[in-house]
file model-v5.pdb (PDB, N, CA, C and O atoms)
ATOM      1  N   MET A   1      82.978  56.453  83.999
ATOM      2  CA  MET A   1      83.626  56.182  82.731
ATOM      3  C   MET A   1      84.449  57.363  82.267
ATOM      4  O   MET A   1      84.128  58.495  82.569
ATOM      5  N   GLU A   2      85.481  57.025  81.481
ATOM      6  CA  GLU A   2      86.350  58.080  80.981
ATOM      7  C   GLU A   2      85.723  58.720  79.759
ATOM      8  O   GLU A   2      85.049  58.056  78.993
ATOM      9  N   PRO A   3      85.961  60.009  79.594
ATOM     10  CA  PRO A   3      85.478  60.628  78.361
ATOM     11  C   PRO A   3      86.259  60.068  77.175
ATOM     12  O   PRO A   3      87.413  59.699  77.298
ATOM     13  N   GLY A   4      85.618  59.951  76.045
ATOM     14  CA  GLY A   4      86.283  59.426  74.861
ATOM     15  C   GLY A   4      85.850  58.009  74.571
ATOM     16  O   GLY A   4      86.448  57.340  73.760
ATOM     17  N   GLY A   5      84.859  57.497  75.273
ATOM     18  CA  GLY A   5      84.326  56.192  74.969
ATOM     19  C   GLY A   5      85.120  55.040  75.563
ATOM     20  O   GLY A   5      84.858  53.898  75.239
ATOM     21  N   GLY A   6      86.081  55.326  76.419
ATOM     22  CA  GLY A   6      86.820  54.263  77.063
ATOM     23  C   GLY A   6      87.800  53.546  76.149
ATOM     24  O   GLY A   6      88.214  52.445  76.440
ATOM     25  N   ARG A   7      88.121  54.144  75.059
ATOM     26  CA  ARG A   7      89.090  53.517  74.156
ATOM     27  C   ARG A   7      90.497  53.593  74.743
ATOM     28  O   ARG A   7      90.827  54.543  75.453
ATOM     29  N   LYS A   8      91.306  52.609  74.382
ATOM     30  CA  LYS A   8      92.707  52.655  74.799
ATOM     31  C   LYS A   8      93.433  53.634  73.890
ATOM     32  O   LYS A   8      93.124  53.748  72.716
ATOM     33  N   GLU A   9      94.429  54.290  74.475
ATOM     34  CA  GLU A   9      95.211  55.231  73.674
ATOM     35  C   GLU A   9      96.108  54.461  72.719
ATOM     36  O   GLU A   9      96.622  53.403  73.058
ATOM     37  N   LYS A  10      96.299  55.019  71.547
ATOM     38  CA  LYS A  10      97.210  54.408  70.586
ATOM     39  C   LYS A  10      98.632  54.591  71.119
ATOM     40  O   LYS A  10      98.948  55.643  71.673
ATOM     41  N   PRO A  11      99.468  53.573  70.936
ATOM     42  CA  PRO A  11     100.862  53.753  71.370
ATOM     43  C   PRO A  11     101.505  54.874  70.568
ATOM     44  O   PRO A  11     101.323  54.967  69.359
ATOM     45  N   LYS A  12     102.230  55.720  71.276
ATOM     46  CA  LYS A  12     102.858  56.856  70.621
ATOM     47  C   LYS A  12     104.029  56.370  69.772
ATOM     48  O   LYS A  12     104.722  55.436  70.153
ATOM     49  N   PRO A  13     104.219  56.994  68.626
ATOM     50  CA  PRO A  13     105.413  56.643  67.847
ATOM     51  C   PRO A  13     106.659  57.028  68.636
ATOM     52  O   PRO A  13     106.599  57.872  69.522
ATOM     53  N   LYS A  14     107.778  56.392  68.316
ATOM     54  CA  LYS A  14     109.014  56.665  69.057
ATOM     55  C   LYS A  14     109.306  58.151  69.033
ATOM     56  O   LYS A  14     109.196  58.805  68.003
ATOM     57  N   GLU A  15     109.708  58.641  70.183
ATOM     58  CA  GLU A  15     109.994  60.065  70.290
ATOM     59  C   GLU A  15     111.290  60.380  69.554
ATOM     60  O   GLU A  15     112.236  59.604  69.599
ATOM     61  N   PRO A  16     111.338  61.517  68.888
ATOM     62  CA  PRO A  16     112.579  61.889  68.210
ATOM     63  C   PRO A  16     113.728  62.083  69.203
ATOM     64  O   PRO A  16     114.873  61.933  68.866
ATOM     65  N   GLY A  17     113.409  62.404  70.440
ATOM     66  CA  GLY A  17     114.432  62.577  71.468
ATOM     67  C   GLY A  17     115.188  61.297  71.739
ATOM     68  O   GLY A  17     116.387  61.315  71.979
ATOM     69  N   SER A  18     114.510  60.168  71.687
ATOM     70  CA  SER A  18     115.183  58.902  71.943
ATOM     71  C   SER A  18     116.134  58.568  70.792
ATOM     72  O   SER A  18     117.187  57.985  71.007
ATOM     73  N   ARG A  19     115.765  58.940  69.577
ATOM     74  CA  ARG A  19     116.661  58.730  68.431
ATOM     75  C   ARG A  19     117.924  59.560  68.603
ATOM     76  O   ARG A  19     119.031  59.100  68.337
ATOM     77  N   LEU A  20     117.724  60.792  69.053
ATOM     78  CA  LEU A  20     118.863  61.687  69.273
ATOM     79  C   LEU A  20     119.755  61.120  70.367
ATOM     80  O   LEU A  20     120.979  61.127  70.244
ATOM     81  N   GLU A  21     119.133  60.606  71.396
ATOM     82  CA  GLU A  21     119.896  60.019  72.518
ATOM     83  C   GLU A  21     120.709  58.816  72.043
ATOM     84  O   GLU A  21     121.873  58.659  72.397
ATOM     85  N   LYS A  22     120.092  57.963  71.220
ATOM     86  CA  LYS A  22     120.802  56.794  70.695
ATOM     87  C   LYS A  22     121.964  57.227  69.813
ATOM     88  O   LYS A  22     123.039  56.631  69.857
ATOM     89  N   ALA A  23     121.765  58.267  69.015
ATOM     90  CA  ALA A  23     122.833  58.768  68.148
ATOM     91  C   ALA A  23     123.990  59.306  68.987
ATOM     92  O   ALA A  23     125.159  59.078  68.668
ATOM     93  N   LYS A  24     123.656  60.005  70.084
ATOM     94  CA  LYS A  24     124.691  60.528  70.976
ATOM     95  C   LYS A  24     125.479  59.386  71.613
ATOM     96  O   LYS A  24     126.697  59.442  71.716
ATOM     97  N   GLN A  25     124.769  58.346  72.047
ATOM     98  CA  GLN A  25     125.426  57.194  72.663
ATOM     99  C   GLN A  25     126.355  56.510  71.667
ATOM    100  O   GLN A  25     127.479  56.142  71.999
ATOM    101  N   LYS A  26     125.880  56.352  70.442
ATOM    102  CA  LYS A  26     126.689  55.697  69.409
ATOM    103  C   LYS A  26     127.939  56.520  69.120
ATOM    104  O   LYS A  26     129.037  55.976  68.991
ATOM    105  N   SER A  27     127.763  57.831  69.034
ATOM    106  CA  SER A  27     128.895  58.718  68.773
ATOM    107  C   SER A  27     129.904  58.654  69.919
ATOM    108  O   SER A  27     131.112  58.570  69.687
ATOM    109  N   ALA A  28     129.404  58.669  71.139
ATOM    110  CA  ALA A  28     130.288  58.596  72.309
ATOM    111  C   ALA A  28     131.028  57.264  72.330
ATOM    112  O   ALA A  28     132.215  57.204  72.660
ATOM    113  N   GLN A  29     130.342  56.204  71.955
ATOM    114  CA  GLN A  29     130.964  54.881  71.928
ATOM    115  C   GLN A  29     132.064  54.828  70.863
ATOM    116  O   GLN A  29     133.134  54.258  71.097
ATOM    117  N   GLN A  30     131.812  55.433  69.719
ATOM    118  CA  GLN A  30     132.817  55.465  68.652
ATOM    119  C   GLN A  30     134.042  56.266  69.079
ATOM    120  O   GLN A  30     135.178  55.876  68.813
ATOM    121  N   GLU A  31     133.808  57.403  69.772
ATOM    122  CA  GLU A  31     134.924  58.221  70.251
ATOM    123  C   GLU A  31     135.758  57.440  71.267
ATOM    124  O   GLU A  31     136.987  57.483  71.233
ATOM    125  N   LEU A  32     135.084  56.726  72.157
ATOM    126  CA  LEU A  32     135.776  55.926  73.152
ATOM    127  C   LEU A  32     136.619  54.849  72.469
ATOM    128  O   LEU A  32     137.776  54.638  72.817
ATOM    129  N   LYS A  33     136.034  54.210  71.481
ATOM    130  CA  LYS A  33     136.733  53.155  70.750
ATOM    131  C   LYS A  33     137.978  53.720  70.056
ATOM    132  O   LYS A  33     139.050  53.110  70.101
ATOM    133  N   GLN A  34     137.840  54.887  69.433
ATOM    134  CA  GLN A  34     138.977  55.515  68.752
ATOM    135  C   GLN A  34     140.068  55.890  69.751
ATOM    136  O   GLN A  34     141.257  55.699  69.473
ATOM    137  N   ARG A  35     139.661  56.438  70.893
ATOM    138  CA  ARG A  35     140.643  56.834  71.907
ATOM    139  C   ARG A  35     141.384  55.613  72.436
ATOM    140  O   ARG A  35     142.608  55.620  72.580
ATOM    141  N   GLN A  36     140.638  54.538  72.708
ATOM    142  CA  GLN A  36     141.262  53.314  73.205
ATOM    143  C   GLN A  36     142.229  52.751  72.170
ATOM    144  O   GLN A  36     143.317  52.294  72.514
ATOM    145  N   ARG A  37     141.829  52.800  70.918
ATOM    146  CA  ARG A  37     142.691  52.292  69.844
ATOM    147  C   ARG A  37     143.979  53.101  69.779
ATOM    148  O   ARG A  37     145.074  52.541  69.659
ATOM    149  N   ALA A  38     143.871  54.418  69.866
ATOM    150  CA  ALA A  38     145.057  55.286  69.840
ATOM    151  C   ALA A  38     145.957  54.988  71.035
ATOM    152  O   ALA A  38     147.191  54.946  70.900
ATOM    153  N   GLU A  39     145.364  54.772  72.208
ATOM    154  CA  GLU A  39     146.148  54.458  73.405
ATOM    155  C   GLU A  39     146.860  53.116  73.242
ATOM    156  O   GLU A  39     148.017  52.978  73.642
ATOM    157  N   ILE A  40     146.186  52.158  72.647
ATOM    158  CA  ILE A  40     146.795  50.844  72.431
ATOM    159  C   ILE A  40     147.983  50.963  71.483
ATOM    160  O   ILE A  40     149.042  50.387  71.724
ATOM    161  N   TYR A  41     147.809  51.729  70.400
ATOM    162  CA  TYR A  41     148.914  51.912  69.458
ATOM    163  C   TYR A  41     150.099  52.612  70.129
ATOM    164  O   TYR A  41     151.249  52.241  69.908
ATOM    165  N   ALA A  42     149.817  53.626  70.952
ATOM    166  CA  ALA A  42     150.888  54.343  71.646
ATOM    167  C   ALA A  42     151.613  53.407  72.615
ATOM    168  O   ALA A  42     152.851  53.408  72.681
ATOM    169  N   LEU A  43     150.859  52.626  73.350
ATOM    170  CA  LEU A  43     151.456  51.676  74.287
ATOM    171  C   LEU A  43     152.286  50.638  73.545
ATOM    172  O   LEU A  43     153.400  50.293  73.966
ATOM    173  N   ASN A  44     151.785  50.165  72.423
ATOM    174  CA  ASN A  44     152.508  49.187  71.614
ATOM    175  C   ASN A  44     153.838  49.767  71.130
ATOM    176  O   ASN A  44     154.876  49.099  71.164
ATOM    177  N   ARG A  45     153.796  51.021  70.688
ATOM    178  CA  ARG A  45     155.013  51.682  70.223
ATOM    179  C   ARG A  45     156.032  51.798  71.357
ATOM    180  O   ARG A  45     157.221  51.505  71.176
ATOM    181  N   MET A  46     155.568  52.191  72.546
ATOM    182  CA  MET A  46     156.462  52.319  73.700
ATOM    183  C   MET A  46     157.077  50.969  74.077
ATOM    184  O   MET A  46     158.275  50.875  74.368
ATOM    185  N   MET A  47     156.256  49.931  74.063
ATOM    186  CA  MET A  47     156.745  48.603  74.431
ATOM    187  C   MET A  47     157.755  48.088  73.408
ATOM    188  O   MET A  47     158.741  47.452  73.765
ATOM    189  N   THR A  48     157.535  48.398  72.141
ATOM    190  CA  THR A  48     158.471  47.988  71.093
ATOM    191  C   THR A  48     159.812  48.681  71.286
ATOM    192  O   THR A  48     160.874  48.054  71.168
ATOM    193  N   GLU A  49     159.777  49.985  71.600
ATOM    194  CA  GLU A  49     161.017  50.728  71.841
ATOM    195  C   GLU A  49     161.756  50.166  73.052
ATOM    196  O   GLU A  49     162.981  49.991  73.023
ATOM    197  N   LEU A  50     161.029  49.882  74.117
ATOM    198  CA  LEU A  50     161.644  49.324  75.327
ATOM    199  C   LEU A  50     162.271  47.965  75.028
ATOM    200  O   LEU A  50     163.396  47.678  75.454
ATOM    201  N   GLU A  51     161.562  47.147  74.297
ATOM    202  CA  GLU A  51     162.080  45.832  73.942
ATOM    203  C   GLU A  51     163.372  45.962  73.130
ATOM    204  O   GLU A  51     164.339  45.219  73.357
ATOM    205  N   GLN A  52     163.405  46.925  72.201
ATOM    206  CA  GLN A  52     164.599  47.144  71.384
ATOM    207  C   GLN A  52     165.766  47.601  72.251
ATOM    208  O   GLN A  52     166.894  47.134  72.079
ATOM    209  N   GLN A  53     165.506  48.501  73.198
ATOM    210  CA  GLN A  53     166.565  48.973  74.102
ATOM    211  C   GLN A  53     167.126  47.821  74.929
ATOM    212  O   GLN A  53     168.345  47.693  75.094
ATOM    213  N   GLN A  54     166.238  46.997  75.450
ATOM    214  CA  GLN A  54     166.684  45.866  76.256
ATOM    215  C   GLN A  54     167.470  44.863  75.411
ATOM    216  O   GLN A  54     168.466  44.302  75.878
ATOM    217  N   PHE A  55     167.053  44.660  74.171
ATOM    218  CA  PHE A  55     167.762  43.747  73.288
ATOM    219  C   PHE A  55     169.163  44.279  72.978
ATOM    220  O   PHE A  55     170.142  43.534  72.985
ATOM    221  N   ASP A  56     169.249  45.595  72.713
ATOM    222  CA  ASP A  56     170.553  46.207  72.444
ATOM    223  C   ASP A  56     171.479  46.050  73.649
ATOM    224  O   ASP A  56     172.662  45.717  73.499
ATOM    225  N   ALA A  57     170.948  46.280  74.854
ATOM    226  CA  ALA A  57     171.747  46.129  76.077
ATOM    227  C   ALA A  57     172.201  44.682  76.228
ATOM    228  O   ALA A  57     173.354  44.415  76.598
ATOM    229  N   PHE A  58     171.332  43.740  75.943
ATOM    230  CA  PHE A  58     171.675  42.325  76.026
ATOM    231  C   PHE A  58     172.785  41.982  75.037
ATOM    232  O   PHE A  58     173.744  41.271  75.371
ATOM    233  N   CYS A  59     172.665  42.508  73.813
ATOM    234  CA  CYS A  59     173.689  42.233  72.794
ATOM    235  C   CYS A  59     175.052  42.776  73.230
ATOM    236  O   CYS A  59     176.074  42.122  73.027
ATOM    237  N   LYS A  60     175.065  43.977  73.834
ATOM    238  CA  LYS A  60     176.329  44.550  74.308
ATOM    239  C   LYS A  60     176.933  43.681  75.406
ATOM    240  O   LYS A  60     178.148  43.518  75.476
ATOM    241  N   GLN A  61     176.097  43.144  76.273
ATOM    242  CA  GLN A  61     176.576  42.281  77.359
ATOM    243  C   GLN A  61     177.179  41.009  76.803
ATOM    244  O   GLN A  61     178.151  40.480  77.336
ATOM    245  N   MET A  62     176.589  40.478  75.759
ATOM    246  CA  MET A  62     177.000  39.192  75.217
ATOM    247  C   MET A  62     178.251  39.300  74.330
ATOM    248  O   MET A  62     178.876  38.288  74.043
ATOM    249  N   GLN A  63     178.603  40.497  73.915
ATOM    250  CA  GLN A  63     179.799  40.654  73.079
ATOM    251  C   GLN A  63     181.037  40.392  73.934
ATOM    252  O   GLN A  63     181.107  40.817  75.089
ATOM    253  N   PRO A  64     182.013  39.757  73.347
ATOM    254  CA  PRO A  64     183.248  39.550  74.105
ATOM    255  C   PRO A  64     183.898  40.910  74.400
ATOM    256  O   PRO A  64     183.947  41.791  73.543
ATOM    257  N   SER A  65     184.335  41.104  75.628
ATOM    258  CA  SER A  65     184.883  42.399  76.020
ATOM    259  C   SER A  65     186.304  42.614  75.523
ATOM    260  O   SER A  65     186.840  43.699  75.649
ATOM    261  N   GLY A  66     186.965  41.581  74.969
ATOM    262  CA  GLY A  66     188.334  41.709  74.471
ATOM    263  C   GLY A  66     188.428  42.441  73.165
ATOM    264  O   GLY A  66     189.491  42.892  72.768
ATOM    265  N   GLU A  67     187.350  42.587  72.453
ATOM    266  CA  GLU A  67     187.410  43.235  71.131
ATOM    267  C   GLU A  67     187.314  44.727  71.200
ATOM    268  O   GLU A  67     186.738  45.310  72.016
TER     269      GLU A  67
END

call {"tool": "encode", "arguments": {"input": "model-v5.pdb", "output": "structure tokens"}}
result
Amino acid sequence: MEPGGGRKEKPKPKEPGSRLEKAKQKSAQQELKQRQRAEIYALNRMMTELEQQQFDAFCKQMQPSGE
């Protein structure tokens, strides 16, 4: 028999380390989300500029060349 009367051990309360780990994961996830959002906005801006350039080129092509 085990010393201590054979009682089962009480479940340990959650370790503070796991809370810290979860906080780190959440923070990393938020940083990733912010970075992705910034990249999306930058890409959107670039695509808008490209679209405007192509539209301007199209308009120049469509103008009558006699004027």

call {"tool": "atom_distance", "arguments": {"input": "model-v5.pdb", "atom1": "atom N of Arg35 (chain A)", "atom2": "atom O of Glu21 (chain A)"}}
result
18.0 Å

call {"tool": "atom_distance", "arguments": {"input": "model-v5.pdb", "atom1": "atom N of Ala28 (chain A)", "atom2": "atom C of Ala42 (chain A)"}}
result
22.9 Å

call {"tool": "atom_distance", "arguments": {"input": "model-v5.pdb", "atom1": "CA of Met62 (chain A)", "atom2": "CA of Glu49 (chain A)"}}
result
20.0 Å

call {"tool": "build_atoms", "arguments": {"input": "model-v5.pdb", "residues": "region 36-47 of chain A", "atoms": "all heavy atoms", "output": "PDB file, in the coordinates of the input"}}
result
ATOM      1  N   GLN A  36     140.638  54.538  72.708  1.00  0.00           N
ATOM      2  CA  GLN A  36     141.262  53.314  73.205  1.00  0.00           C
ATOM      3  C   GLN A  36     142.229  52.751  72.170  1.00  0.00           C
ATOM      4  O   GLN A  36     143.317  52.294  72.514  1.00  0.00           O
ATOM      5  CB  GLN A  36     140.198  52.270  73.545  1.00  0.00           C
ATOM      6  CG  GLN A  36     139.437  52.583  74.815  1.00  0.00           C
ATOM      7  CD  GLN A  36     138.325  51.593  75.084  1.00  0.00           C
ATOM      8  OE1 GLN A  36     137.799  50.956  74.173  1.00  0.00           O
ATOM      9  NE2 GLN A  36     137.942  51.468  76.348  1.00  0.00           N
ATOM     10  N   ARG A  37     141.829  52.800  70.918  1.00  0.00           N
ATOM     11  CA  ARG A  37     142.691  52.292  69.844  1.00  0.00           C
ATOM     12  C   ARG A  37     143.979  53.101  69.779  1.00  0.00           C
ATOM     13  O   ARG A  37     145.074  52.541  69.659  1.00  0.00           O
ATOM     14  CB  ARG A  37     141.932  52.359  68.519  1.00  0.00           C
ATOM     15  CG  ARG A  37     142.669  51.742  67.360  1.00  0.00           C
ATOM     16  CD  ARG A  37     141.810  51.860  66.100  1.00  0.00           C
ATOM     17  NE  ARG A  37     142.502  51.279  64.974  1.00  0.00           N
ATOM     18  CZ  ARG A  37     142.023  50.301  64.221  1.00  0.00           C
ATOM     19  NH1 ARG A  37     140.846  49.802  64.478  1.00  0.00           N
ATOM     20  NH2 ARG A  37     142.711  49.841  63.213  1.00  0.00           N
ATOM     21  N   ALA A  38     143.871  54.418  69.866  1.00  0.00           N
ATOM     22  CA  ALA A  38     145.057  55.286  69.840  1.00  0.00           C
ATOM     23  C   ALA A  38     145.957  54.988  71.035  1.00  0.00           C
ATOM     24  O   ALA A  38     147.191  54.946  70.900  1.00  0.00           O
ATOM     25  CB  ALA A  38     144.632  56.754  69.841  1.00  0.00           C
ATOM     26  N   GLU A  39     145.364  54.772  72.208  1.00  0.00           N
ATOM     27  CA  GLU A  39     146.148  54.458  73.405  1.00  0.00           C
ATOM     28  C   GLU A  39     146.860  53.116  73.242  1.00  0.00           C
ATOM     29  O   GLU A  39     148.017  52.978  73.642  1.00  0.00           O
ATOM     30  CB  GLU A  39     145.250  54.427  74.640  1.00  0.00           C
ATOM     31  CG  GLU A  39     144.779  55.795  75.077  1.00  0.00           C
ATOM     32  CD  GLU A  39     143.782  55.749  76.216  1.00  0.00           C
ATOM     33  OE1 GLU A  39     143.477  54.643  76.721  1.00  0.00           O
ATOM     34  OE2 GLU A  39     143.313  56.822  76.626  1.00  0.00           O
ATOM     35  N   ILE A  40     146.186  52.158  72.647  1.00  0.00           N
ATOM     36  CA  ILE A  40     146.795  50.844  72.431  1.00  0.00           C
ATOM     37  C   ILE A  40     147.983  50.963  71.483  1.00  0.00           C
ATOM     38  O   ILE A  40     149.042  50.387  71.724  1.00  0.00           O
ATOM     39  CB  ILE A  40     145.748  49.837  71.908  1.00  0.00           C
ATOM     40  CG1 ILE A  40     144.780  49.469  73.039  1.00  0.00           C
ATOM     41  CG2 ILE A  40     146.426  48.592  71.353  1.00  0.00           C
ATOM     42  CD1 ILE A  40     143.561  48.700  72.593  1.00  0.00           C
ATOM     43  N   TYR A  41     147.809  51.729  70.400  1.00  0.00           N
ATOM     44  CA  TYR A  41     148.914  51.912  69.458  1.00  0.00           C
ATOM     45  C   TYR A  41     150.099  52.612  70.129  1.00  0.00           C
ATOM     46  O   TYR A  41     151.249  52.241  69.908  1.00  0.00           O
ATOM     47  CB  TYR A  41     148.469  52.705  68.228  1.00  0.00           C
ATOM     48  CG  TYR A  41     147.716  51.886  67.212  1.00  0.00           C
ATOM     49  CD1 TYR A  41     146.526  52.340  66.665  1.00  0.00           C
ATOM     50  CD2 TYR A  41     148.198  50.654  66.785  1.00  0.00           C
ATOM     51  CE1 TYR A  41     145.831  51.596  65.721  1.00  0.00           C
ATOM     52  CE2 TYR A  41     147.509  49.896  65.846  1.00  0.00           C
ATOM     53  CZ  TYR A  41     146.336  50.371  65.326  1.00  0.00           C
ATOM     54  OH  TYR A  41     145.654  49.633  64.395  1.00  0.00           O
ATOM     55  N   ALA A  42     149.817  53.626  70.952  1.00  0.00           N
ATOM     56  CA  ALA A  42     150.888  54.343  71.646  1.00  0.00           C
ATOM     57  C   ALA A  42     151.613  53.407  72.615  1.00  0.00           C
ATOM     58  O   ALA A  42     152.851  53.408  72.681  1.00  0.00           O
ATOM     59  CB  ALA A  42     150.316  55.551  72.390  1.00  0.00           C
ATOM     60  N   LEU A  43     150.859  52.626  73.350  1.00  0.00           N
ATOM     61  CA  LEU A  43     151.456  51.676  74.287  1.00  0.00           C
ATOM     62  C   LEU A  43     152.286  50.638  73.545  1.00  0.00           C
ATOM     63  O   LEU A  43     153.400  50.293  73.966  1.00  0.00           O
ATOM     64  CB  LEU A  43     150.358  50.995  75.102  1.00  0.00           C
ATOM     65  CG  LEU A  43     150.819  50.011  76.168  1.00  0.00           C
ATOM     66  CD1 LEU A  43     151.714  50.690  77.194  1.00  0.00           C
ATOM     67  CD2 LEU A  43     149.621  49.372  76.852  1.00  0.00           C
ATOM     68  N   ASN A  44     151.785  50.165  72.423  1.00  0.00           N
ATOM     69  CA  ASN A  44     152.508  49.187  71.614  1.00  0.00           C
ATOM     70  C   ASN A  44     153.838  49.767  71.130  1.00  0.00           C
ATOM     71  O   ASN A  44     154.876  49.099  71.164  1.00  0.00           O
ATOM     72  CB  ASN A  44     151.639  48.752  70.433  1.00  0.00           C
ATOM     73  CG  ASN A  44     152.227  47.590  69.684  1.00  0.00           C
ATOM     74  OD1 ASN A  44     152.992  46.803  70.228  1.00  0.00           O
ATOM     75  ND2 ASN A  44     151.881  47.472  68.417  1.00  0.00           N
ATOM     76  N   ARG A  45     153.796  51.021  70.688  1.00  0.00           N
ATOM     77  CA  ARG A  45     155.013  51.682  70.223  1.00  0.00           C
ATOM     78  C   ARG A  45     156.032  51.798  71.357  1.00  0.00           C
ATOM     79  O   ARG A  45     157.221  51.505  71.176  1.00  0.00           O
ATOM     80  CB  ARG A  45     154.649  53.068  69.667  1.00  0.00           C
ATOM     81  CG  ARG A  45     155.750  53.755  68.910  1.00  0.00           C
ATOM     82  CD  ARG A  45     155.251  54.967  68.108  1.00  0.00           C
ATOM     83  NE  ARG A  45     154.291  55.807  68.810  1.00  0.00           N
ATOM     84  CZ  ARG A  45     152.993  55.913  68.475  1.00  0.00           C
ATOM     85  NH1 ARG A  45     152.498  55.244  67.475  1.00  0.00           N
ATOM     86  NH2 ARG A  45     152.190  56.707  69.162  1.00  0.00           N
ATOM     87  N   MET A  46     155.568  52.191  72.546  1.00  0.00           N
ATOM     88  CA  MET A  46     156.462  52.319  73.700  1.00  0.00           C
ATOM     89  C   MET A  46     157.077  50.969  74.077  1.00  0.00           C
ATOM     90  O   MET A  46     158.275  50.875  74.368  1.00  0.00           O
ATOM     91  CB  MET A  46     155.706  52.886  74.913  1.00  0.00           C
ATOM     92  CG  MET A  46     155.366  54.352  74.797  1.00  0.00           C
ATOM     93  SD  MET A  46     154.342  54.954  76.160  1.00  0.00           S
ATOM     94  CE  MET A  46     155.350  54.556  77.566  1.00  0.00           C
ATOM     95  N   MET A  47     156.256  49.931  74.063  1.00  0.00           N
ATOM     96  CA  MET A  47     156.745  48.603  74.431  1.00  0.00           C
ATOM     97  C   MET A  47     157.755  48.088  73.408  1.00  0.00           C
ATOM     98  O   MET A  47     158.741  47.452  73.765  1.00  0.00           O
ATOM     99  CB  MET A  47     155.578  47.620  74.569  1.00  0.00           C
ATOM    100  CG  MET A  47     154.652  47.937  75.726  1.00  0.00           C
ATOM    101  SD  MET A  47     155.476  47.932  77.323  1.00  0.00           S
ATOM    102  CE  MET A  47     155.775  46.200  77.530  1.00  0.00           C
TER     103      MET A  47
END
